[in-house]
$ cat protein_4.cif   # mmCIF, C-alpha atoms and all ligand atoms
data_input
loop_
_atom_site.label_atom_id
_atom_site.label_comp_id
_atom_site.auth_asym_id
_atom_site.auth_seq_id
_atom_site.Cartn_x
_atom_site.Cartn_y
_atom_site.Cartn_z
CA MET T 462 240.46 301.69 40.96
CA MET T 463 243.71 299.84 41.68
CA LYS T 464 243.73 298.53 38.16
CA ARG T 465 243.24 301.96 36.66
CA TRP T 466 246.09 303.41 38.68
CA SER T 467 248.46 300.63 37.75
CA ARG T 468 247.55 301.05 34.09
CA LEU T 469 248.25 304.78 34.35
CA ALA T 470 251.58 304.01 36.00
CA TRP T 471 252.54 301.71 33.14
CA ILE T 472 251.61 304.34 30.58
CA GLY T 473 253.87 306.70 32.52
CA VAL T 474 256.78 304.24 32.48
CA ALA T 475 256.28 303.57 28.77
CA ALA T 476 256.26 307.31 28.05
CA ILE T 477 259.48 307.77 30.02
CA LEU T 478 261.17 304.85 28.22
CA ALA T 479 260.05 306.17 24.83
CA GLY T 480 261.31 309.58 25.83
CA CYS T 481 264.73 308.11 26.67
CA ALA T 482 265.13 305.96 23.59
CA GLY T 483 263.48 308.23 21.03
CA PRO T 484 265.39 311.48 20.87
CA THR T 485 268.89 309.97 20.87
CA GLN T 486 268.28 307.35 18.16
CA ASN T 487 270.33 307.93 15.00
CA THR T 488 271.33 311.28 16.40
CA LEU T 489 274.60 313.10 16.47
CA PHE T 490 274.52 315.25 19.57
CA GLN T 491 277.06 317.98 20.05
CA THR T 492 277.78 320.70 22.55
CA SER T 493 279.25 324.01 21.33
CA THR T 494 280.78 324.53 17.88
CA ILE T 495 284.20 323.68 16.49
CA ASP T 496 284.80 327.34 15.60
CA ALA T 497 284.15 328.33 19.22
CA LEU T 498 286.91 325.89 20.18
CA LEU T 499 289.17 327.36 17.48
CA VAL T 500 288.83 330.86 18.96
CA GLY T 501 289.52 329.66 22.51
CA VAL T 502 286.17 328.94 24.21
CA TYR T 503 287.74 326.27 26.44
CA ASP T 504 285.65 326.48 29.62
CA GLY T 505 283.52 323.39 30.07
CA ASP T 506 279.86 323.91 30.88
CA MET T 507 278.33 320.47 30.36
CA SER T 508 279.21 317.57 32.67
CA LEU T 509 280.27 314.20 31.29
CA ARG T 510 277.32 312.73 33.19
CA GLU T 511 274.96 314.94 31.21
CA LEU T 512 276.80 314.26 27.95
CA GLN T 513 276.47 310.52 28.57
CA ARG T 514 272.69 310.85 28.42
CA ASN T 515 273.07 311.65 24.75
CA GLY T 516 275.36 308.81 23.76
CA ASP T 517 277.84 306.06 24.54
CA PHE T 518 280.27 306.78 21.69
CA GLY T 519 282.08 309.93 20.65
CA ILE T 520 284.93 312.41 20.79
CA GLY T 521 285.68 315.82 22.23
CA THR T 522 287.83 317.62 24.75
CA PHE T 523 287.72 318.60 28.43
CA ASP T 524 287.44 321.70 30.61
CA HIS T 525 290.38 324.09 29.90
CA LEU T 526 291.20 321.98 26.81
CA ASP T 527 292.73 319.37 29.11
CA GLY T 528 293.29 316.54 26.63
CA GLU T 529 291.47 314.51 24.01
CA MET T 530 288.21 312.72 24.80
CA VAL T 531 287.27 309.24 23.70
CA LEU T 532 283.85 307.88 24.67
CA LEU T 533 283.60 304.18 23.88
CA ASP T 534 280.92 301.72 25.07
CA GLY T 535 279.77 304.34 27.59
CA ARG T 536 283.21 304.87 29.15
CA PHE T 537 285.14 308.12 28.97
CA TYR T 538 288.90 308.21 28.42
CA GLN T 539 290.98 311.33 28.81
CA VAL T 540 294.25 311.37 26.88
CA ARG T 541 296.21 314.19 28.45
CA ALA T 542 299.26 316.03 27.14
CA ASP T 543 301.57 313.75 29.16
CA GLY T 544 300.49 310.97 26.80
CA ARG T 545 298.76 308.99 29.53
CA VAL T 546 295.13 307.88 29.61
CA TYR T 547 292.96 308.84 32.58
CA SER T 548 289.41 307.94 33.66
CA PRO T 549 287.77 311.32 34.13
CA ASP T 550 285.25 311.97 36.87
CA LEU T 551 281.72 312.27 35.48
CA ASP T 552 281.43 315.69 37.15
CA MET T 553 284.16 316.97 34.86
CA GLU T 554 282.86 319.31 32.17
CA THR T 555 283.44 319.57 28.45
CA PRO T 556 283.57 322.67 26.24
CA PHE T 557 283.11 320.68 23.00
CA ALA T 558 282.04 317.12 22.24
CA SER T 559 280.12 315.08 19.64
CA VAL T 560 278.43 311.84 20.70
CA CYS T 561 275.83 309.32 19.59
CA ARG T 562 274.30 306.04 20.62
CA PHE T 563 276.32 303.63 18.52
CA GLN T 564 274.05 301.17 16.75
CA PRO T 565 275.95 300.04 13.65
CA ASP T 566 274.05 299.35 10.46
CA ARG T 567 277.06 298.29 8.38
CA ARG T 568 280.10 296.09 8.91
CA LEU T 569 283.06 296.21 6.53
CA ALA T 570 286.33 294.33 6.52
CA LEU T 571 289.32 296.49 5.64
CA PRO T 572 290.54 295.50 2.16
CA GLY T 573 294.21 295.33 3.12
CA VAL T 574 297.06 297.27 4.66
CA LEU T 575 296.23 300.96 4.42
CA ASP T 576 297.41 304.26 5.83
CA MET T 577 294.95 306.92 7.01
CA ALA T 578 294.58 308.50 3.55
CA GLY T 579 293.94 305.03 2.12
CA VAL T 580 291.26 304.25 4.70
CA VAL T 581 289.59 307.62 4.09
CA ALA T 582 289.56 307.09 0.31
CA TRP T 583 288.22 303.53 0.72
CA LEU T 584 285.51 304.63 3.18
CA ASP T 585 284.49 307.43 0.83
CA ARG T 586 283.88 304.80 -1.86
CA GLU T 587 282.05 302.45 0.52
CA LEU T 588 279.97 305.22 2.05
CA PRO T 589 278.87 307.48 -0.82
CA ARG T 590 276.04 309.02 1.24
CA HIS T 591 278.27 311.97 2.09
CA ASN T 592 275.47 314.30 3.19
CA MET T 593 274.59 312.03 6.11
CA PHE T 594 276.48 311.86 9.40
CA GLN T 595 278.44 308.62 9.77
CA ALA T 596 279.68 307.34 13.12
CA ILE T 597 282.78 305.22 12.47
CA ARG T 598 284.29 302.57 14.71
CA ILE T 599 287.34 300.59 13.62
CA GLU T 600 288.66 297.75 15.76
CA GLY T 601 292.06 296.98 14.37
CA HIS T 602 295.65 296.03 14.64
CA PHE T 603 297.94 298.84 13.63
CA LYS T 604 301.49 298.70 12.38
CA GLN T 605 301.77 302.29 13.46
CA MET T 606 299.54 304.86 15.17
CA ARG T 607 300.38 308.54 15.54
CA THR T 608 298.27 310.75 17.79
CA ARG T 609 298.39 314.10 19.48
CA SER T 610 296.89 315.63 22.56
CA VAL T 611 296.47 319.19 23.76
CA PRO T 612 297.79 320.68 27.01
CA MET T 613 295.50 322.25 29.61
CA GLN T 614 295.17 326.01 29.10
CA SER T 615 294.68 328.95 31.43
CA ARG T 616 293.25 332.41 30.86
CA PRO T 617 293.68 334.42 28.72
CA TYR T 618 293.05 331.51 26.37
CA PRO T 619 295.13 331.42 23.18
CA PRO T 620 293.42 330.30 19.95
CA LEU T 621 293.61 326.57 19.21
CA LYS T 622 295.99 327.25 16.33
CA GLU T 623 298.60 328.51 18.80
CA VAL T 624 298.04 325.57 21.13
CA ALA T 625 298.39 323.11 18.24
CA GLU T 626 301.80 324.56 17.36
CA THR T 627 303.19 323.07 20.57
CA GLN T 628 301.01 319.93 20.68
CA PRO T 629 302.73 316.78 21.92
CA VAL T 630 302.73 314.00 19.33
CA PHE T 631 302.80 310.32 20.32
CA GLU T 632 303.60 307.25 18.30
CA ARG T 633 303.24 303.54 18.87
CA ASP T 634 304.13 300.60 16.67
CA ASN T 635 302.35 297.29 16.59
CA ILE T 636 299.31 298.25 18.64
CA SER T 637 295.71 297.04 18.83
CA GLY T 638 292.83 299.32 19.59
CA THR T 639 289.75 301.19 18.47
CA ILE T 640 289.28 304.21 16.26
CA VAL T 641 286.28 306.28 17.37
CA GLY T 642 284.97 309.14 15.29
CA PHE T 643 282.67 310.68 12.75
CA ARG T 644 282.45 311.69 9.14
CA CYS T 645 280.39 314.86 9.02
CA PRO T 646 278.82 316.34 5.89
CA PRO T 647 280.34 319.41 4.21
CA PHE T 648 277.46 321.65 5.28
CA VAL T 649 278.52 321.52 8.97
CA ALA T 650 281.51 323.79 8.24
CA GLY T 651 281.89 326.19 11.16
CA VAL T 652 279.79 323.98 13.41
CA ASN T 653 281.66 320.66 13.38
CA VAL T 654 284.49 319.15 11.32
CA PRO T 655 283.47 318.42 7.70
CA GLY T 656 284.96 315.05 6.74
CA TYR T 657 286.70 312.68 9.10
CA HIS T 658 287.53 313.42 12.74
CA LEU T 659 288.97 310.34 14.46
CA HIS T 660 290.35 309.58 17.91
CA PHE T 661 292.06 306.42 19.15
CA ILE T 662 292.14 304.32 22.31
CA SER T 663 294.36 301.26 22.60
CA GLN T 664 292.97 297.88 23.61
CA ASP T 665 294.85 298.03 26.93
CA ARG T 666 293.56 301.62 27.43
CA SER T 667 297.08 302.98 27.94
CA PHE T 668 297.49 304.98 24.72
CA GLY T 669 295.31 307.19 22.56
CA GLY T 670 294.53 310.70 21.33
CA HIS T 671 293.47 312.67 18.27
CA ILE T 672 294.67 310.70 15.25
CA LEU T 673 297.20 312.30 12.93
CA ASP T 674 298.11 309.21 10.90
CA PHE T 675 298.20 305.43 11.09
CA GLU T 676 298.88 302.27 9.17
CA VAL T 677 296.33 299.54 9.76
CA LEU T 678 297.13 295.86 9.11
CA THR T 679 293.76 294.24 9.81
CA GLY T 680 290.51 295.62 11.07
CA LEU T 681 286.76 295.52 11.30
CA VAL T 682 284.88 298.70 10.48
CA ARG T 683 281.42 299.36 11.85
CA VAL T 684 279.39 302.31 10.68
CA ALA T 685 276.21 303.90 11.94
CA GLU T 686 274.46 306.39 9.69
CA LEU T 687 272.93 309.26 11.65
CA ASP T 688 270.11 311.30 10.18
CA ARG T 689 269.48 313.61 13.12
CA PHE T 690 271.64 316.39 14.40
CA VAL T 691 271.07 317.97 17.80
CA MET T 692 273.14 320.83 19.09
CA ARG T 693 273.21 322.64 22.39
CA LEU T 694 275.08 325.86 22.95
CA PRO T 695 277.19 326.77 25.98
CA LEU T 696 275.59 329.30 28.29
CA THR T 697 278.91 331.03 29.01
CA ASP T 698 279.53 334.66 28.08
CA ASP T 699 282.73 333.49 26.34
CA PHE T 700 280.66 331.51 23.88
CA ALA T 701 277.84 334.01 23.59
CA THR T 702 280.20 336.86 22.67
CA ALA T 703 282.93 335.03 20.67
CA ASP T 704 283.48 336.23 17.09
CA LEU T 705 282.09 333.32 15.06
CA SER T 706 281.39 335.36 11.94
CA ARG T 707 284.50 334.42 9.94
CA ASP T 708 285.19 331.39 7.79
CA ARG T 709 287.82 329.37 9.67
CA GLN T 710 288.13 326.28 7.47
CA GLU T 711 291.79 326.89 6.69
CA GLU T 712 292.56 327.38 10.37
CA LEU T 713 290.67 324.17 11.17
CA ALA T 714 292.64 322.17 8.58
CA GLY T 715 295.87 323.38 10.18
CA VAL T 716 294.71 322.36 13.65
CA GLU T 717 293.24 318.96 12.81
CA LYS T 718 296.07 317.62 10.74
CA GLN T 719 299.73 317.01 11.21
CA ARG T 720 302.21 319.85 11.15
CA PRO T 721 304.27 319.69 7.95
ZN ZN C 801 290.13 315.58 17.84
#
$ encode --input "protein_4.cif" --output "structure tokens"
Amino acid sequence: MMKRWSRLAWIGVAAILAGCAGPTQNTLFQTSTIDALLVGVYDGDMSLRELQRNGDFGIGTFDHLDGEMVLLDGRFYQVRADGRVYSPDLDMETPFASVCRFQPDRRLALPGVLDMAGVVAWLDRELPRHNMFQAIRIEGHFKQMRTRSVPMQSRPYPPLKEVAETQPVFERDNISGTIVGFRCPPFVAGVNVPGYHLHFISQDRSFGGHILDFEVLTGLVRVAELDRFVMRLPLTDDFATADLSRDRQEELAGVEKQRP
């Protein structure tokens, strides 16, 4: 009898472990959609604690659009509009984030000194499987790194395009750190960012943000191909009733990149 019970208990433990490891493997998990963020759905409704169950690596933003999120090796960093990096409480909520469990299947050495466009072009050649999700991690030394953050918003929320017009931009020379991000396939338009979306956190954890441009001197690139995509939608009325019927790719390009 004892034996039978203990065997049953072990089956239970194994099932729980399988349940934990299984669903997040090779999976890009995201909450909300990028277009919802573009139209101003900034109220968080998923805690960082809950988000962490779906990954240890990723990017996003915080409740009320209060800065840029970097999730690296299971730790969250919040780069706020004052340019400083904070350790957010795990009870804090996010309105939009993409995460995965980072298990790299490729390592690449950067071929030389490159700017962001150069790295993107090189990665596109190295990673021709453009219909798969690629999680990208670059540990490097940078001659220059330019980032931005977004300031906390209050209701009525302006669209992200308006917020981005006043975004603070930060620049550091001669800095080491990690690029954290994803290359998403073209068919995610409206849902996530097609192409590259990269954030940065410095080695000393004092500088970071959404990357606008950089020049990398040396670096190691690690890539994890993800073949599963899991999405959960915010339960808020803001999300449920937002107008997400239009194509907003042009708006997105304006928000993600540098102002001319
Ligand atoms: Zn970003």
$ atom_distance --input "protein_4.cif" --atom1 "CA of Leu659 (chain T)" --atom2 "CA of Glu632 (chain T)"
15.4 Å
$ residues_near_ligand --input "protein_4.cif" --ligand "ligand ZN 801 (chain C)" --cutoff "7 Å" --atoms "only C-alpha atoms and all ligand atoms" --output "list in words"
Ile520, Gly521, Glu529, His658, Leu659, His660, His671 and Glu717 of chain T
$ atom_distance --input "protein_4.cif" --atom1 "CA of Leu713 (chain T)" --atom2 "CA of Phe518 (chain T)"
22.8 Å
$ atom_distance --input "protein_4.cif" --atom1 "CA of Asn487 (chain T)" --atom2 "CA of Val580 (chain T)"
23.6 Å
$ closest_atom_pairs --input "protein_4.cif" --of "region 515-582 of chain T" --to "region 606-626 of chain T" --cutoff "10 Å" --atoms "only C-alpha atoms" --output "Markdown table"
| residue | atom | partner | partner_atom | distance |
| --- | --- | --- | --- | --- |
| T:Thr522 | CA | T:Val611 | CA | 8.8 |
| T:Phe523 | CA | T:Met613 | CA | 8.7 |
| T:Asp524 | CA | T:Met613 | CA | 8.1 |
| T:His525 | CA | T:Gln614 | CA | 5.2 |
| T:Leu526 | CA | T:Met613 | CA | 5.1 |
| T:Asp527 | CA | T:Met613 | CA | 4.0 |
| T:Gly528 | CA | T:Val611 | CA | 5.0 |
| T:Glu529 | CA | T:Ser610 | CA | 5.7 |
| T:Met530 | CA | T:Ser610 | CA | 9.4 |
| T:Gln539 | CA | T:Ser610 | CA | 9.6 |
| T:Val540 | CA | T:Ser610 | CA | 6.6 |
| T:Arg541 | CA | T:Ser610 | CA | 6.1 |
| T:Ala542 | CA | T:Pro612 | CA | 4.9 |
| T:Asp543 | CA | T:Pro612 | CA | 8.2 |
| T:Gly544 | CA | T:Ser610 | CA | 7.3 |
| T:Arg545 | CA | T:Ser610 | CA | 9.8 |
| T:Asp576 | CA | T:Met606 | CA | 9.6 |
| T:Met577 | CA | T:Met606 | CA | 9.6 |
$ closest_residue --input "protein_4.cif" --among "T:Ile640, T:Ile495, T:Ala596, T:Met553" --to "Ser508 (chain T)" --atoms "all atoms listed in the file"
T:Met553
$ closest_residue --input "protein_4.cif" --among "T:Met593, T:Met507, T:Leu705, T:Leu584" --to "Phe648 (chain T)" --atoms "all atoms listed in the file"
T:Met593
$ closest_residue --input "protein_4.cif" --among "T:Phe490, T:Lys604, T:Tyr657, T:Cys645" --to "Arg633 (chain T)" --atoms "only C-alpha atoms"
T:Lys604
$ closest_residue --input "protein_4.cif" --among "T:Tyr503, T:Thr485, T:Phe537, T:Val630" --to "Gly670 (chain T)" --atoms "all atoms listed in the file"
T:Val630
$ closest_residue --input "protein_4.cif" --among "T:Gln628, T:Thr679, T:Ser548, T:Asn653" --to "Val691 (chain T)" --atoms "only C-alpha atoms"
T:Asn653
$ residues_around --input "protein_4.cif" --residues "Leu678 (chain T)" --least-positions-apart "6" --cutoff "12 Å" --atoms "only C-alpha atoms" --output "number ranges by chain"
T: 570-577, 579-580, 599-606, 634-638
$ residues_around --input "protein_4.cif" --residues "Lys718 (chain T)" --least-positions-apart "4" --cutoff "9 Å" --atoms "all atoms listed in the file" --output "number ranges by chain"
T: 672-674, 713-714
$ closest_residue --input "protein_4.cif" --among "T:Val652, T:Leu588, T:Leu569, T:Val560" --to "Gln491 (chain T)" --atoms "only C-alpha atoms"
T:Val560
